>>> print(open('start-v8.txt').read())   # compact mmCIF, C-alpha atoms
# COMPACT_ATOMS: atom_id res chain seq x y z
CA GLY A 1 0.00 0.00 0.00
CA LEU A 2 0.82 3.68 0.06
CA GLY A 3 2.27 3.39 3.57
CA ASP A 4 4.91 1.00 2.26
CA VAL A 5 5.95 3.49 -0.42
CA TYR A 6 6.37 6.20 2.24
CA LYS A 7 8.33 3.84 4.49
CA ARG A 8 10.65 2.81 1.65
CA GLN A 9 11.17 6.44 0.71
CA ALA A 10 11.79 7.45 4.33
CA ASP A 11 14.33 4.63 4.71
CA THR A 12 16.12 5.65 1.51
CA MET A 13 16.21 9.29 2.63
CA ALA A 14 17.59 8.25 6.02
CA ASP A 15 20.33 6.21 4.31
CA LEU A 16 21.23 9.14 2.04
CA ALA A 17 21.33 11.54 5.00
CA ALA A 18 23.45 9.17 7.09
CA ASN A 19 26.06 9.09 4.31
CA VAL A 20 26.55 12.87 4.39
CA ASN A 21 29.86 13.98 5.89
CA GLY A 22 29.41 14.82 9.58
CA VAL A 23 26.30 12.67 10.05
CA ASN A 24 26.51 9.60 12.26
CA ASP A 25 22.90 8.42 11.95
CA ALA A 26 19.64 9.73 10.52
CA THR A 27 15.94 9.05 10.89
CA VAL A 28 13.13 10.22 8.61
CA VAL A 29 9.36 10.33 9.01
CA ILE A 30 7.15 11.30 6.08
CA ALA A 31 3.76 12.76 7.00
CA GLY A 32 1.66 14.07 4.14
CA GLY A 33 3.78 16.61 2.25
CA ASN A 34 6.35 16.89 5.02
CA ALA A 35 9.57 14.94 5.49
CA TYR A 36 10.89 15.29 9.02
CA VAL A 37 14.60 14.51 9.20
CA GLY A 38 16.47 13.92 12.44
CA LEU A 39 20.25 13.84 12.41
CA ASP A 40 22.67 12.43 14.94
CA LEU A 41 25.84 14.38 14.11
CA ASP A 42 29.39 13.11 14.58
CA ASP A 43 31.02 14.27 17.81
CA LYS A 44 33.60 16.20 15.78
CA VAL A 45 30.94 18.50 14.31
CA GLN A 46 30.93 21.79 16.21
CA ARG A 47 27.63 23.43 17.13
CA ASN A 48 28.31 26.29 14.68
CA GLU A 49 28.87 23.78 11.88
CA ALA A 50 25.57 21.98 12.43
CA GLU A 51 23.55 24.20 10.10
CA ARG A 52 26.05 23.65 7.26
CA VAL A 53 25.77 19.87 7.69
CA GLU A 54 21.96 20.17 7.77
CA ARG A 55 22.09 22.22 4.56
CA ASN A 56 24.23 19.54 2.88
CA VAL A 57 21.72 16.89 3.92
CA TYR A 58 18.89 19.03 2.57
CA ASN A 59 20.67 19.40 -0.79
CA VAL A 60 21.24 15.65 -1.08
CA LEU A 61 17.63 14.82 -0.17
CA ASN A 62 16.21 17.49 -2.46
CA ARG A 63 18.12 15.99 -5.39
CA TYR A 64 16.68 12.57 -4.58
CA VAL A 65 13.06 13.66 -4.09
CA ASN A 66 11.74 17.20 -4.22
CA ARG A 67 8.04 16.70 -3.58
CA TYR A 68 8.35 17.10 0.18
CA ASN A 69 8.76 20.08 2.45
CA VAL A 70 11.99 18.95 4.13
CA THR A 71 12.62 20.08 7.69
CA ILE A 72 15.73 19.01 9.57
CA THR A 73 16.93 18.92 13.16
CA SER A 74 20.19 17.85 14.72
CA ASP A 75 18.87 18.34 18.25
CA ALA A 76 19.46 15.11 20.19
CA ASP A 77 16.11 15.15 22.01
CA MET A 78 14.19 15.84 18.79
CA PHE A 79 16.15 13.09 17.03
CA GLY A 80 15.15 10.57 19.70
CA ARG A 81 11.51 11.65 19.60
CA LEU A 82 11.38 11.41 15.81
CA ARG A 83 12.99 7.96 15.85
CA ASP A 84 10.41 6.75 18.39
CA ILE A 85 7.60 8.04 16.17
CA GLY A 86 9.13 6.32 13.14
CA ASP A 87 9.25 3.05 15.07
CA GLY A 88 5.62 3.52 16.11
CA ILE A 89 4.49 4.17 12.55
CA ARG A 90 6.41 1.12 11.30
CA ASP A 91 4.57 -0.90 13.95
CA GLY A 92 1.27 0.33 12.52
CA ALA A 93 0.41 3.39 14.63
CA PRO A 94 -1.66 5.99 12.74
CA LEU A 95 -0.03 9.32 11.87
CA ASP A 96 -2.94 11.11 13.58
CA ARG A 97 -1.60 9.96 16.93
CA TYR A 98 1.43 12.21 16.43
CA GLN A 99 -0.22 15.48 15.34
CA ASN A 100 1.07 17.33 18.42
CA ASP A 101 4.59 16.05 17.84
CA PHE A 102 4.49 17.15 14.20
CA ARG A 103 3.35 20.63 15.28
CA THR A 104 6.32 20.79 17.65
CA PHE A 105 8.62 19.66 14.86
CA ASP A 106 7.21 22.33 12.54
CA ASN A 107 8.22 24.94 15.12
CA ARG A 108 11.56 23.48 16.15
CA PHE A 109 13.08 22.00 12.99
CA ARG A 110 14.97 24.07 10.47
CA THR A 111 13.15 24.54 7.18
CA PHE A 112 15.35 24.88 4.12
CA THR A 113 14.13 26.53 0.95
CA ARG A 114 15.26 25.57 -2.51
>>> encode(input="start-v8.txt", output="structure tokens")
Amino acid sequence: GLGDVYKRQADTMADLAANVNGVNDATVVIAGGNAYVGLDLDDKVQRNEAERVERNVYNVLNRYVNRYNVTITSDADMFGRLRDIGDGIRDGAPLDRYQNDFRTFDNRFRTFTR
């Protein structure tokens, strides 16, 4: 079904993001037209370099698929929360259950424009 397509795409996006220099691990949740991307950055990445790494991830993901509004965080707490939601969705939880989380993400994640 459609959910499987989203999951495959989210997994591919996470793999692409994780391969970007400075990224240790990545998690992606697709909800409607939004792709929420959480990054676990390498320890060597300084705080002031985080936005540059996020921008590089955005550029890579936007080349792969540009139909989503991509928002990115490298905040550790947000990363953990997003990964938990991704696990829940993979286990069959409905997206509606996470509306409040997505609203928080909309406010806290960095939105990159093309």
>>> closest_residue(input="start-v8.txt", among="A:Thr111, A:Thr71, A:Asn21, A:Asn56", to="Asp42 (chain A)", atoms="all atoms listed in the file")
A:Asn21
>>> closest_residue(input="start-v8.txt", among="A:Val70, A:Ala31, A:Leu95, A:Met13", to="Arg55 (chain A)", atoms="only C-alpha atoms")
A:Val70
>>> atom_distance(input="start-v8.txt", atom1="CA of Tyr64 (chain A)", atom2="CA of Asp101 (chain A)")
25.7 Å
>>> atom_distance(input="start-v8.txt", atom1="CA of Ala18 (chain A)", atom2="CA of Pro94 (chain A)")
25.9 Å
>>> atom_distance(input="start-v8.txt", atom1="CA of Gly88 (chain A)", atom2="CA of Asn69 (chain A)")
21.7 Å
>>> decode(input="start-v8.txt", residues="region 42-56 of chain A", atoms="all heavy atoms", output="tab-separated table (two decimals), in the first residue's frame")
chain	number	residue	atom	x	y	z
A	42	ASP	N	28.13	13.59	14.02
A	42	ASP	CA	29.39	13.11	14.58
A	42	ASP	C	29.84	14.04	15.70
A	42	ASP	O	29.59	15.25	15.65
A	42	ASP	CB	30.49	13.09	13.50
A	42	ASP	CG	30.26	12.00	12.46
A	42	ASP	OD1	29.54	11.03	12.75
A	42	ASP	OD2	30.82	12.14	11.35
A	43	ASP	N	30.53	13.47	16.68
A	43	ASP	CA	31.02	14.27	17.81
A	43	ASP	C	31.94	15.40	17.36
A	43	ASP	O	32.04	16.42	18.02
A	43	ASP	CB	31.77	13.36	18.80
A	43	ASP	CG	30.83	12.38	19.47
A	43	ASP	OD1	29.61	12.66	19.53
A	43	ASP	OD2	31.30	11.32	19.93
A	44	LYS	N	32.63	15.18	16.22
A	44	LYS	CA	33.60	16.20	15.78
A	44	LYS	C	32.93	17.43	15.17
A	44	LYS	O	33.60	18.44	14.93
A	44	LYS	CB	34.61	15.59	14.81
A	44	LYS	CG	34.02	15.12	13.49
A	44	LYS	CD	35.12	14.58	12.59
A	44	LYS	CE	34.61	14.27	11.20
A	44	LYS	NZ	33.66	13.14	11.16
A	45	VAL	N	31.64	17.35	14.89
A	45	VAL	CA	30.94	18.50	14.31
A	45	VAL	C	30.63	19.52	15.41
A	45	VAL	O	29.95	19.21	16.38
A	45	VAL	CB	29.62	18.07	13.63
A	45	VAL	CG1	28.86	19.29	13.10
A	45	VAL	CG2	29.91	17.10	12.48
A	46	GLN	N	31.18	20.72	15.24
A	46	GLN	CA	30.93	21.79	16.21
A	46	GLN	C	29.51	22.32	16.05
A	46	GLN	O	28.92	22.22	14.98
A	46	GLN	CB	31.93	22.94	16.00
A	46	GLN	CG	33.38	22.53	16.09
A	46	GLN	CD	33.76	22.01	17.46
A	46	GLN	OE1	33.42	22.61	18.47
A	46	GLN	NE2	34.44	20.87	17.49
A	47	ARG	N	28.99	22.89	17.14
A	47	ARG	CA	27.63	23.43	17.13
A	47	ARG	C	27.44	24.42	15.97
A	47	ARG	O	26.41	24.41	15.30
A	47	ARG	CB	27.38	24.12	18.47
A	47	ARG	CG	25.94	24.43	18.81
A	47	ARG	CD	25.09	23.18	18.93
A	47	ARG	NE	24.06	23.16	17.90
A	47	ARG	CZ	23.35	22.11	17.54
A	47	ARG	NH1	23.55	20.96	18.13
A	47	ARG	NH2	22.45	22.18	16.59
A	48	ASN	N	28.44	25.26	15.73
A	48	ASN	CA	28.31	26.29	14.68
A	48	ASN	C	28.43	25.71	13.27
A	48	ASN	O	28.22	26.41	12.30
A	48	ASN	CB	29.32	27.43	14.90
A	48	ASN	CG	30.76	26.96	14.77
A	48	ASN	OD1	31.03	25.76	14.86
A	48	ASN	ND2	31.67	27.88	14.56
A	49	GLU	N	28.79	24.43	13.19
A	49	GLU	CA	28.87	23.78	11.88
A	49	GLU	C	27.61	22.98	11.58
A	49	GLU	O	27.43	22.49	10.45
A	49	GLU	CB	30.07	22.82	11.83
A	49	GLU	CG	31.41	23.50	11.99
A	49	GLU	CD	32.54	22.48	12.15
A	49	GLU	OE1	32.32	21.40	12.74
A	49	GLU	OE2	33.65	22.78	11.67
A	50	ALA	N	26.74	22.85	12.57
A	50	ALA	CA	25.57	21.98	12.43
A	50	ALA	C	24.67	22.42	11.27
A	50	ALA	O	24.19	21.59	10.50
A	50	ALA	CB	24.78	21.94	13.74
A	51	GLU	N	24.46	23.74	11.14
A	51	GLU	CA	23.55	24.20	10.10
A	51	GLU	C	24.10	23.89	8.70
A	51	GLU	O	23.34	23.56	7.80
A	51	GLU	CB	23.28	25.70	10.23
A	51	GLU	CG	22.23	26.18	9.23
A	51	GLU	CD	21.78	27.61	9.44
A	51	GLU	OE1	22.25	28.26	10.38
A	51	GLU	OE2	20.96	28.07	8.62
A	52	ARG	N	25.44	23.96	8.56
A	52	ARG	CA	26.05	23.65	7.26
A	52	ARG	C	25.84	22.18	6.91
A	52	ARG	O	25.54	21.83	5.77
A	52	ARG	CB	27.54	24.00	7.29
A	52	ARG	CG	28.24	23.83	5.95
A	52	ARG	CD	29.68	24.33	6.03
A	52	ARG	NE	30.39	23.82	7.19
A	52	ARG	CZ	30.96	22.62	7.24
A	52	ARG	NH1	30.90	21.80	6.21
A	52	ARG	NH2	31.58	22.20	8.34
A	53	VAL	N	25.99	21.30	7.91
A	53	VAL	CA	25.77	19.87	7.69
A	53	VAL	C	24.30	19.63	7.33
A	53	VAL	O	23.99	18.88	6.40
A	53	VAL	CB	26.17	19.03	8.93
A	53	VAL	CG1	25.81	17.56	8.73
A	53	VAL	CG2	27.66	19.18	9.21
A	54	GLU	N	23.39	20.30	8.06
A	54	GLU	CA	21.96	20.17	7.77
A	54	GLU	C	21.66	20.62	6.34
A	54	GLU	O	20.89	19.97	5.62
A	54	GLU	CB	21.13	21.00	8.75
A	54	GLU	CG	21.13	20.44	10.17
A	54	GLU	CD	20.36	21.31	11.15
A	54	GLU	OE1	19.57	22.17	10.70
A	54	GLU	OE2	20.55	21.14	12.37
A	55	ARG	N	22.29	21.71	5.93
A	55	ARG	CA	22.09	22.22	4.56
A	55	ARG	C	22.57	21.20	3.53
A	55	ARG	O	21.91	20.97	2.51
A	55	ARG	CB	22.82	23.55	4.40
A	55	ARG	CG	23.10	24.01	2.99
A	55	ARG	CD	21.89	24.45	2.21
A	55	ARG	NE	21.23	25.62	2.74
A	55	ARG	CZ	20.08	26.13	2.24
A	55	ARG	NH1	19.48	25.52	1.23
A	55	ARG	NH2	19.53	27.18	2.76
A	56	ASN	N	23.71	20.57	3.80
A	56	ASN	CA	24.23	19.54	2.88
A	56	ASN	C	23.26	18.36	2.79
A	56	ASN	O	23.03	17.83	1.70
A	56	ASN	CB	25.61	19.06	3.34
A	56	ASN	CG	26.68	20.12	3.17
A	56	ASN	OD1	26.50	21.08	2.43
A	56	ASN	ND2	27.80	19.95	3.85
